[in-house]
Each structure stands twice: as structure tokens, then as C-alpha cells.
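Q: Dropping a structure here in C-alpha cells format, bear with me for questions.
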Amino acid sequence: MNQVTLKYKYILLTVLAIVVLFTIIIRQVIQGNTDETTESKDNWKYPEDLHHANYLLNEAYKKIEALEQKIISLEGRVPKTYPDVNFLNYLKRKRILITGGAGFVGSHLVDQLMLGGHEVIVVDNFFTGRKRNVEHWIGHENFELIHHDIVNPLFIEVDEIYHLASPASPPHYMHNPVKTIKTNTLGTTNILGLARRLNAKILIASTSEVYGDPDIHPQPETYWGHVNPIGPRACYDEGKRVSETLTYAYAKQENMQVRVARIFNTYGPRMHMNDGRVVSNFILQALQNDVITVYGSGEQTRSFQYVSDLVEGMIALMNSNYSQPVNLGNPVEHTINEFASIIKNLVGGHSKIVHVSEVEDDPQRRRPDITRAKTYLNWEPTVDLNTGLQKTVEYFRQELKRFKYSHRNKFKIKKPS
Ligand SMILES: O=C(O)[C@H]1O[C@H](OP(=O)(O)OP(=O)(O)OC[C@H]2O[C@@H](n3ccc(=O)[nH]c3=O)[C@H](O)[C@@H]2O)[C@H](O)[C@@H](O)[C@@H]1O
């Protein structure tokens with residue numbers, strides 16, 4: 001079947017779906033009018049009429065779903081087109097492994113490195129990552145997707161490694177704390193061991209959470225942090241601190257080239273609707289005219305960076321000669337109360353901002369000191385909050401449409417207990 005025929009089929013099926021829907025609606029309207037003139041309007045209230053209408057609606061949904069499946073299978077037969085990638089000769093082209101590459105940040109990094117002309121291998125266990133985030137590269141000759149959990153050893157051949165695999169959102173990492181610790185200890189050991197075997201440069205994604213609830217503000221990399229080692233966040237905070245410790249132990253003992261990025265709050269398209277972090281929660285609540293839930297007083301602060309800034313920072317760090325930890329974040333700081341108002345004004349609607357109980361061990365202030373990144377990487381964020389949020393709001397608007405269509409009800413956010 002050639003592409004033209006397939007395109008015609010696609011259009012035909014879409015038209016058919018619309019016709020089926022319209023026929024059902026028109027039938028209902030005509031039936032409703034007839035009922036109104038011949039019998040009483042209240043006849044619609046009889047259970048059998050409602051039952052019949054429901055039946056017709058469900059039939060229509062089934063037919064549309066069947067047509068959608070046909071469209072998907074036809075689309076699968078059309079040769080895929082990919083974004084244009086740069087051509088690099090074999091001396092410049094690198095084989096790059098990204099652990100957690102199907103996640104929110106990882107998938108944006110994949111895009112950047114693929115567009116740059118490199119060969120990219122993604123390893124993900126799909127706990128928080130999704131195939132959908134990288135599906136536009138599946139089948140491309142420079143791209144490979146491996147379903148693997150890094151808690152188990154991995155044997156492949158690469159030149160460089162970006163190690164991002166770990167849940168990063170508090171409700172996700174608290175969901176299975178033991179697994180979070182294993183990922184950041186056993187998993188990181190496995191990936192460092194791989195880097196050592198291959199003599200590959202490795203960048204570890206660490207976090208602002210290594211500073212805990214900081215008593216120095218803003219946080220420079222020289223600050224040792226203030227972490228509760230047995231609190232609900234410890235699985236992640238201490239997990240990442242051990243990850244950094246392992247990295248420098250390997251670097252010293254095995255003479256390896258390592259990079260450590262301490263990533264501050266990041267947002268943007270491809271965040272999961274169930275992410276549970278403040279940016280996705282507030283946007284989804286505002287888009288659905290639900291209450292915007294501020295945890296605690298709302299006087300705690302965060303500094304939000306757009307995901308493209310982070311990705312540029314990570315690549316700059318990998319390509320630099322700097323081996324000490326580097327903060328990557330946007331130093332513009334807001335209270336969560338201010339942030340709730342920013343989202344409400346941007347989205348519009350009539351959501352109320354309400355205060356609910358605070359989260360245990362919630363860091364009260366967070367803002368990166370980015371002097372190191374500026375000095376050694378010549379990097380600083382360029383996307384302002386308003387621009388980044390507009391793109392993110394648009395992304396979540398589309399996600400909600402998809403969700404409503406497939407689930408036929410409202411998306412609900414659950415507060416972690
Ligand atoms: O986004 C990130 O990059 C960071 O997110 C989390 O750290 P946290 O700052 O606690 O992230 P959020 O859950 O987004 O919380 C930010 C603030 O908003 C508040 N919040 C969150 C969600 C909500 O619905 N309402 C609300 O008031 C939280 O209590 C907290 O004070 C992760 O733990 C970090 O590793 C990660 O780097």
C-alpha cells in the first residue's frame with residue numbers, strides 16, 4: 001500500500017467517525033423533538049429512554065475506538081519521518097548512554113544529543129519513564145531503547161554516560177523507598193563500574209536535595225547540607241549523597257573522569273500528569289478549576305528552571321574539564337504562595353488557592369548559587385518563568401484532552417500521605 005492510498009484511508013476513516021457521531025446525535029435530536037410533540041417532555045425521564053441513550057453513546061464510543069485502532073495500525077505502515085539530525089563523522093560522533101532516558105529530563109536530553117548527530121542508547125525500567133517521551137526516535141538508526149533496571153548489571157559499549165535513572169518526584173521516590181535507595185546505590189555502582197570498564201566519561205544527575213532543609217542561603221556547592229537521615233525524604237536525599245560519594249570514590253581510586261550536576265527544581269513539557277510536584281499539580285488544578293493546594297504556610301521557597309536550560313547545562317558540564325559538583329538551577333526564587341498566584345493568573349479560570357497540611361521535612365528555602373556554572377561552564381538559564389510556564393500549560397492542556405477522551409472523566413490529583 002503506498003503513502004497516498006494510506007493518507008486517503010486515514011481521511012476516510014476520520015470522516016466516517018464524524019459521520020457516525022453526527023448520525024447518532026441527529027437521531028437523538030429528532031427522537032427528542034418527536035417525543036416532545038407527541039408525548040410529554042417528561043418521557044425522557046423514563047429509565048428505559050435514558051438507558052437507550054446511554055447504550056447509543058457507548059456504541060458510538062466503541063465505534064470511534066475501533067476506528068482509532070485502525071488509524072493507528074495504518075499509521076504504523078507509513079514510513080516514519082524523523083526530526084533532522086546533524087551529520088557527524090565517525091571521529092566526532094559519540095555513542096552515548098542515558099540511564100532514565102525515557103523520563104521527563106532524560107527524554108529532552110535524548111532530543112538534544114540526537115539532533116546533535118550522536119548515537120544514543122536509552123536504558124529505562126519505565127517506573128516513571130514512558131515510551132511516549134522518546135517514541136519520535138524509535139526506529140531511527142542512531143537510536144536504541146533498552147528496557148532494563150540498572151539495579152542489575154548492564155554490559156554495553158559506549159563512550160559517554162549520563163546517569164539519570166531514579167524517581168525524582170517526592171511522591172514517586174517515597175512510594176518505594178527501598179527501591180529508591182537501591183537505584184541510587186546499587187544502580188549507581190553498576191553504572192560507575194560500566195564507565196570504569198569502558199573508560200567512559202560519566203555525568204551523575206544529583207539534586208538540590210543533597211542540601212536538605214538548608215541553613216545557608218542561597219546554596220553554594222561547598223555547603224555540606226542539612227539532611228534528616230531517617231526522614232521520609234532520606235531514601236532520595238541520602239541515596240543521592242551516596243551516589244555522589246561513590247562517584248568521587250571511583251574517580252579517585254580508578255582515575256576516572258566524572259561530572260556531578262546538582263539539579264534544582266525543573267519543569268516543562270513531558271512531566272507526568274501524576275508527577276505530584278508543585279508545577280504539574282498547580283497547572284492541572286488551575287486548568288480544571290479545582291482548588292490549588294498549597295502545602296503548609298506556602299512561605300517556603302523554590303527556584304524553577306525550564307528543562308531546556310537544564311539540558312544545555314548538563315551537556316556543557318559533560319563537555320567541560322570541571323569535575324567538582326555544579327549547581328544547575330534558575331536563581332529566581334518565589335514563595336509557593338506567589339507561585340500559586342502566578343499559575344492562577346496565567347491559566348485564568350476560577351480556582352481557589354487553599355492551604356492544606358504541610359509535608360514532613362519539606363525544605364523551607366531553596367535557591368542555587370550558580371557562580372560555579374557561570375565561571376566554569378559559561379552557563380546560566382535563559383528561559384524566564386513566564387515563557388517556560390506558557391509552554392508547560394499548553395502541554396498539560398493537550399494531556400488533559402487525551403486523558404478526558406480515553407477515560408471520560410476528570411483527572412484527580414492525590415496528595416501524598
Ligand atoms: O522539581 C525538582 O526538580 C525537585 O523536586 C523535588 O523537590 P521539591 O522541591 O520538594 O518538589 P515539589 O514537590 O515540586 O515541591 C515544591 C514545593 O511545593 C509544595 N507543594 C507541592 C505540591 C503541591 O500540590 N502543593 C505544594 O504546595 C511542596 O510542599 C514544596 O514546598 C525533588 O525532591 C527534587 O529532587 C527535584 O530536584
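Ligands are numbered from 1 in the order shown, chains are lettered A, B, ... in the order of the C-alpha cells, and residues start at 1 in each chain.
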Please identify which residues in segment 96-241 of chain A DSSP calls strand (DSSP E or B) from the backbone, and express them as JSON, numbers by chain.
A: {"A": [96, 97, 98, 99, 119, 120, 121, 122, 123, 124, 143, 144, 145, 146, 147, 160, 161, 162, 163, 201, 202, 203, 204, 205, 206, 207, 212, 219, 226]}
Q: With a distance cut-off of 6 Å and only C-alpha atoms, select the neighbouring residues of Asp124 of chain A, excluding the residue or stretch itself and same-chain residues fewer than 5 positions from it, and output the selection as a PDB file with C-alpha atoms, in the first residue's frame.
A:
ATOM      1  CA  GLY A 100      16.479   7.049  32.704  1.00  0.00           C
ATOM      2  CA  HIS A 147      14.112  -1.965  28.859  1.00  0.00           C
ATOM      3  CA  HIS A 148      16.424  -2.618  31.798  1.00  0.00           C
TER       4      HIS A 148
END
Q: Set the cut-off to 6 Å, count only C-alpha atoms and all ligand atoms, and list whatever residues fall near ligand 1 as a list in words.
A: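 Protein and nucleic-acid residues within 6 Å of ligand 1: Ala168, Ser169, Pro170, Thr207, Ser208, Glu209, Ile263, Phe264, Asn265, Thr266, Arg277, Val278, Asn281, Thr293, Val294, Tyr295, Gln300, Ile336, Val359 and Asp362 of chain A.
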Q: What does the distance between atom CA of Asn86 of chain A and atom CA of Glu119 of chain A come to in Å, to one decimal place?
A: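 Between atom CA of Asn86 of chain A and atom CA of Glu119 of chain A the gap is 11.2 Å.
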Q: Considering only C-alpha atoms, give me a table of residues in segment 255-352 of chain A that are at most 8 Å from segment 107-118 of chain A, with the closest atom pair and distance in Å for each, as JSON lines.
A:
{"residue": "A:Val307", "atom": "CA", "partner": "A:His108", "partner_atom": "CA", "distance": 7.5}
{"residue": "A:Ser308", "atom": "CA", "partner": "A:His108", "partner_atom": "CA", "distance": 7.3}
{"residue": "A:Val311", "atom": "CA", "partner": "A:Leu109", "partner_atom": "CA", "distance": 5.6}
Q: Calculated over only C-alpha atoms, which of the candidates A:Arg233, A:Arg397, A:Lys374, A:Arg365 has the smallest distance to Ala286 of chain A?
A: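 The answer is A:Arg397, which sits nearest to Ala286 of chain A.
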Q: Kindly indicate which residue among A:Ile202, A:Leu13, A:Ala53, A:Leu346 lies nearest to Thr392 of chain A, using only C-alpha atoms for the distances.
A: A:Leu346
Q: Of the candidates A:Leu203, A:Ile342, A:Ile121, A:Val105, which shows the shortest atom-to-atom distance to Tyr306 of chain A, using only C-alpha atoms?
A: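 Counting only C-alpha atoms, the residue closest to Tyr306 of chain A is A:Val105.
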Q: Please identify all polymer residues within 10 Å of Tyr162 of chain A, counting only C-alpha atoms, omitting same-chain residues fewer than 4 positions from it, and present them as a list in words.
A: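 Residues near the query, excluding close chain neighbours: Ile96, Leu97, Ile98, Thr99, Gly100, Gly101, Gly106, Leu109, Val122, Ile191, Lys201, Ile202, Leu203, Ile204, Ala205, Arg259, Val260, Met314, Ile315 and Met318 of chain A.
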Q: For the residues in the current selection, export N, CA and C atoms as an mmCIF file, in the first residue's frame.
A:
data_model
loop_
_atom_site.group_PDB
_atom_site.id
_atom_site.type_symbol
_atom_site.label_atom_id
_atom_site.label_comp_id
_atom_site.auth_asym_id
_atom_site.auth_seq_id
_atom_site.Cartn_x
_atom_site.Cartn_y
_atom_site.Cartn_z
ATOM 1 N N ILE A 96 26.396 7.392 23.159
ATOM 2 C CA ILE A 96 26.095 7.937 24.484
ATOM 3 C C ILE A 96 24.966 7.144 25.139
ATOM 4 N N LEU A 97 25.226 6.697 26.379
ATOM 5 C CA LEU A 97 24.192 6.000 27.148
ATOM 6 C C LEU A 97 23.505 7.004 28.071
ATOM 7 N N ILE A 98 22.150 6.968 28.059
ATOM 8 C CA ILE A 98 21.404 7.792 29.014
ATOM 9 C C ILE A 98 20.542 6.856 29.855
ATOM 10 N N THR A 99 20.894 6.707 31.135
ATOM 11 C CA THR A 99 20.030 5.890 32.001
ATOM 12 C C THR A 99 18.867 6.788 32.430
ATOM 13 N N GLY A 100 17.664 6.233 32.420
ATOM 14 C CA GLY A 100 16.479 7.049 32.704
ATOM 15 C C GLY A 100 16.151 7.981 31.546
ATOM 16 N N GLY A 101 16.553 7.581 30.354
ATOM 17 C CA GLY A 101 16.383 8.441 29.168
ATOM 18 C C GLY A 101 14.957 8.572 28.674
ATOM 19 N N GLY A 106 15.392 13.165 31.044
ATOM 20 C CA GLY A 106 16.171 12.294 30.160
ATOM 21 C C GLY A 106 15.753 12.407 28.708
ATOM 22 N N LEU A 109 17.063 15.444 27.033
ATOM 23 C CA LEU A 109 18.496 15.281 26.781
ATOM 24 C C LEU A 109 18.708 14.403 25.542
ATOM 25 N N VAL A 122 19.175 4.525 25.159
ATOM 26 C CA VAL A 122 18.389 4.811 26.364
ATOM 27 C C VAL A 122 18.153 3.512 27.124
ATOM 28 N N ILE A 191 26.536 1.411 37.212
ATOM 29 C CA ILE A 191 26.812 2.310 36.085
ATOM 30 C C ILE A 191 28.240 2.875 36.184
ATOM 31 N N LYS A 201 33.565 8.686 30.024
ATOM 32 C CA LYS A 201 33.268 9.830 30.889
ATOM 33 C C LYS A 201 31.834 9.670 31.401
ATOM 34 N N ILE A 202 31.594 9.988 32.679
ATOM 35 C CA ILE A 202 30.246 9.797 33.229
ATOM 36 C C ILE A 202 29.767 11.040 33.978
ATOM 37 N N LEU A 203 28.500 11.414 33.694
ATOM 38 C CA LEU A 203 27.856 12.521 34.419
ATOM 39 C C LEU A 203 26.742 11.950 35.283
ATOM 40 N N ILE A 204 26.787 12.260 36.576
ATOM 41 C CA ILE A 204 25.770 11.784 37.518
ATOM 42 C C ILE A 204 24.768 12.902 37.766
ATOM 43 N N ALA A 205 23.460 12.582 37.651
ATOM 44 C CA ALA A 205 22.433 13.579 37.970
ATOM 45 C C ALA A 205 22.195 13.533 39.468
ATOM 46 N N ARG A 259 31.558 13.774 36.278
ATOM 47 C CA ARG A 259 30.876 15.082 36.358
ATOM 48 C C ARG A 259 29.669 14.899 37.274
ATOM 49 N N VAL A 260 29.391 15.884 38.125
ATOM 50 C CA VAL A 260 28.223 15.790 39.011
ATOM 51 C C VAL A 260 27.378 17.055 38.884
ATOM 52 N N MET A 314 23.682 20.544 31.389
ATOM 53 C CA MET A 314 24.246 19.194 31.552
ATOM 54 C C MET A 314 25.251 18.884 30.440
ATOM 55 N N ILE A 315 24.904 19.268 29.226
ATOM 56 C CA ILE A 315 25.814 18.994 28.101
ATOM 57 C C ILE A 315 27.101 19.824 28.256
ATOM 58 N N MET A 318 29.236 18.142 30.904
ATOM 59 C CA MET A 318 29.882 16.924 30.385
ATOM 60 C C MET A 318 31.085 17.302 29.510
#
Q: Neighbouring residues of Thr189 of chain A were defined as those with any atom within 12 Å, considering only C-alpha atoms; residues of the same chain fewer than 6 positions away were excluded. Please report them as JSON, numbers by chain.
A: {"A": [150, 151, 152, 153, 154, 163, 181, 182, 183, 195, 196, 204, 239, 242, 243, 244, 245, 246, 247, 248, 249, 250]}
Q: What gap, in Å, lies between atom CA of Asp237 of chain A and atom CA of His172 of chain A?
A: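 According to the coordinates, atom CA of Asp237 of chain A and atom CA of His172 of chain A are separated by 13.3 Å.
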Q: Provide the atom CA of Val326 of chain A to atom CA of Ile370 of chain A distance in Å, to one decimal place.
A: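 For atom CA of Val326 of chain A relative to atom CA of Ile370 of chain A, the distance reads 7.8 Å.
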Q: I need the helix (DSSP H, G or I) residues of segment 217-272 of chain A per DSSP on the backbone, written as number ranges by chain.
A: A: 234-254
Q: Give the answer as one residue: which of A:Arg302, A:Arg262, A:Arg197, A:Lys94 has the shortest atom-to-atom distance to Gln324 of chain A, using only C-alpha atoms?
A: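 Nearest to Gln324 of chain A: A:Arg262.
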Q: Which of these residues is nearest to Val227 of chain A, using only C-alpha atoms: A:Ala60, A:Asp361, A:Asn330, A:His51?
A: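 Closest to Val227 of chain A, using only C-alpha atoms: A:Asp361.
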Q: Quick one: residues within 7 Å of Arg366 of chain A, only C-alpha atoms counted, chain neighbours fewer than 6 positions away excluded, as an NGL selection string?
A: :A and (218 or 301-303)
Q: Between A:Asn142, A:Gln253, A:Thr375, A:Gln364, single out the one closest to Pro214 of chain A, counting only C-alpha atoms.
A: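 Smallest separation from Pro214 of chain A among the options: A:Gln364.
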Q: Ile24 of chain A: which residues within 12 Å, counting only C-alpha atoms, same-chain residues fewer than 2 positions away excluded, as a JSON list (two decimals) with N, CA and C atoms, in the first residue's frame?
A:
[["chain", "number", "residue", "atom", "x", "y", "z"],
["A", 17, "ALA", "N", -15.86, 8.44, 11.13],
["A", 17, "ALA", "CA", -16.07, 8.58, 12.58],
["A", 17, "ALA", "C", -16.97, 9.76, 12.86],
["A", 18, "ILE", "N", -16.70, 10.89, 12.15],
["A", 18, "ILE", "CA", -17.52, 12.10, 12.37],
["A", 18, "ILE", "C", -18.95, 11.84, 11.96],
["A", 19, "VAL", "N", -19.12, 11.16, 10.79],
["A", 19, "VAL", "CA", -20.47, 10.87, 10.29],
["A", 19, "VAL", "C", -21.24, 10.02, 11.30],
["A", 20, "VAL", "N", -20.57, 8.98, 11.85],
["A", 20, "VAL", "CA", -21.25, 8.10, 12.82],
["A", 20, "VAL", "C", -21.73, 8.91, 14.01],
["A", 21, "LEU", "N", -20.86, 9.77, 14.51],
["A", 21, "LEU", "CA", -21.22, 10.58, 15.68],
["A", 21, "LEU", "C", -22.40, 11.49, 15.38],
["A", 22, "PHE", "N", -22.32, 12.19, 14.21],
["A", 22, "PHE", "CA", -23.39, 13.11, 13.85],
["A", 22, "PHE", "C", -24.72, 12.39, 13.67],
["A", 26, "ILE", "N", -27.98, 13.44, 15.62],
["A", 26, "ILE", "CA", -29.17, 13.90, 14.90],
["A", 26, "ILE", "C", -30.36, 12.99, 15.22],
["A", 27, "ARG", "N", -30.09, 11.68, 15.29],
["A", 27, "ARG", "CA", -31.15, 10.73, 15.61],
["A", 27, "ARG", "C", -31.76, 11.04, 16.97],
["A", 28, "GLN", "N", -30.87, 11.34, 17.89],
["A", 28, "GLN", "CA", -31.33, 11.67, 19.25],
["A", 28, "GLN", "C", -32.18, 12.93, 19.25],
["A", 29, "VAL", "N", -31.71, 13.95, 18.50],
["A", 29, "VAL", "CA", -32.43, 15.23, 18.47],
["A", 29, "VAL", "C", -33.81, 15.03, 17.87],
["A", 30, "ILE", "N", -33.86, 14.30, 16.71],
["A", 30, "ILE", "CA", -35.15, 14.08, 16.06],
["A", 30, "ILE", "C", -36.09, 13.30, 16.99],
["A", 31, "GLN", "N", -35.54, 12.26, 17.60],
["A", 31, "GLN", "CA", -36.36, 11.45, 18.51],
["A", 31, "GLN", "C", -36.87, 12.30, 19.66],
["A", 52, "HIS", "N", -31.45, 3.66, 26.91],
["A", 52, "HIS", "CA", -31.23, 3.54, 25.47],
["A", 52, "HIS", "C", -30.21, 4.58, 24.98],
["A", 53, "ALA", "N", -30.38, 5.82, 25.48],
["A", 53, "ALA", "CA", -29.44, 6.88, 25.08],
["A", 53, "ALA", "C", -28.02, 6.52, 25.49],
["A", 54, "ASN", "N", -27.88, 6.00, 26.71],
["A", 54, "ASN", "CA", -26.56, 5.58, 27.20],
["A", 54, "ASN", "C", -25.98, 4.49, 26.33],
["A", 55, "TYR", "N", -26.87, 3.57, 25.95],
["A", 55, "TYR", "CA", -26.44, 2.44, 25.11],
["A", 55, "TYR", "C", -25.88, 2.98, 23.77],
["A", 56, "LEU", "N", -26.65, 3.94, 23.17],
["A", 56, "LEU", "CA", -26.21, 4.50, 21.88],
["A", 56, "LEU", "C", -24.87, 5.21, 22.02],
["A", 57, "LEU", "N", -24.73, 5.95, 23.11],
["A", 57, "LEU", "CA", -23.48, 6.67, 23.34],
["A", 57, "LEU", "C", -22.31, 5.71, 23.47],
["A", 58, "ASN", "N", -22.53, 4.65, 24.23],
["A", 58, "ASN", "CA", -21.46, 3.66, 24.41],
["A", 58, "ASN", "C", -21.11, 2.98, 23.09],
["A", 59, "GLU", "N", -22.15, 2.73, 22.27],
["A", 59, "GLU", "CA", -21.90, 2.13, 20.94],
["A", 59, "GLU", "C", -21.02, 3.07, 20.11],
["A", 60, "ALA", "N", -21.38, 4.39, 20.19],
["A", 60, "ALA", "CA", -20.60, 5.38, 19.42],
["A", 60, "ALA", "C", -19.15, 5.39, 19.88],
["A", 61, "TYR", "N", -18.92, 5.35, 21.21],
["A", 61, "TYR", "CA", -17.55, 5.33, 21.73],
["A", 61, "TYR", "C", -16.81, 4.10, 21.22],
["A", 63, "LYS", "N", -17.36, 2.40, 18.50],
["A", 63, "LYS", "CA", -17.05, 2.52, 17.06],
["A", 63, "LYS", "C", -15.86, 3.45, 16.86]]
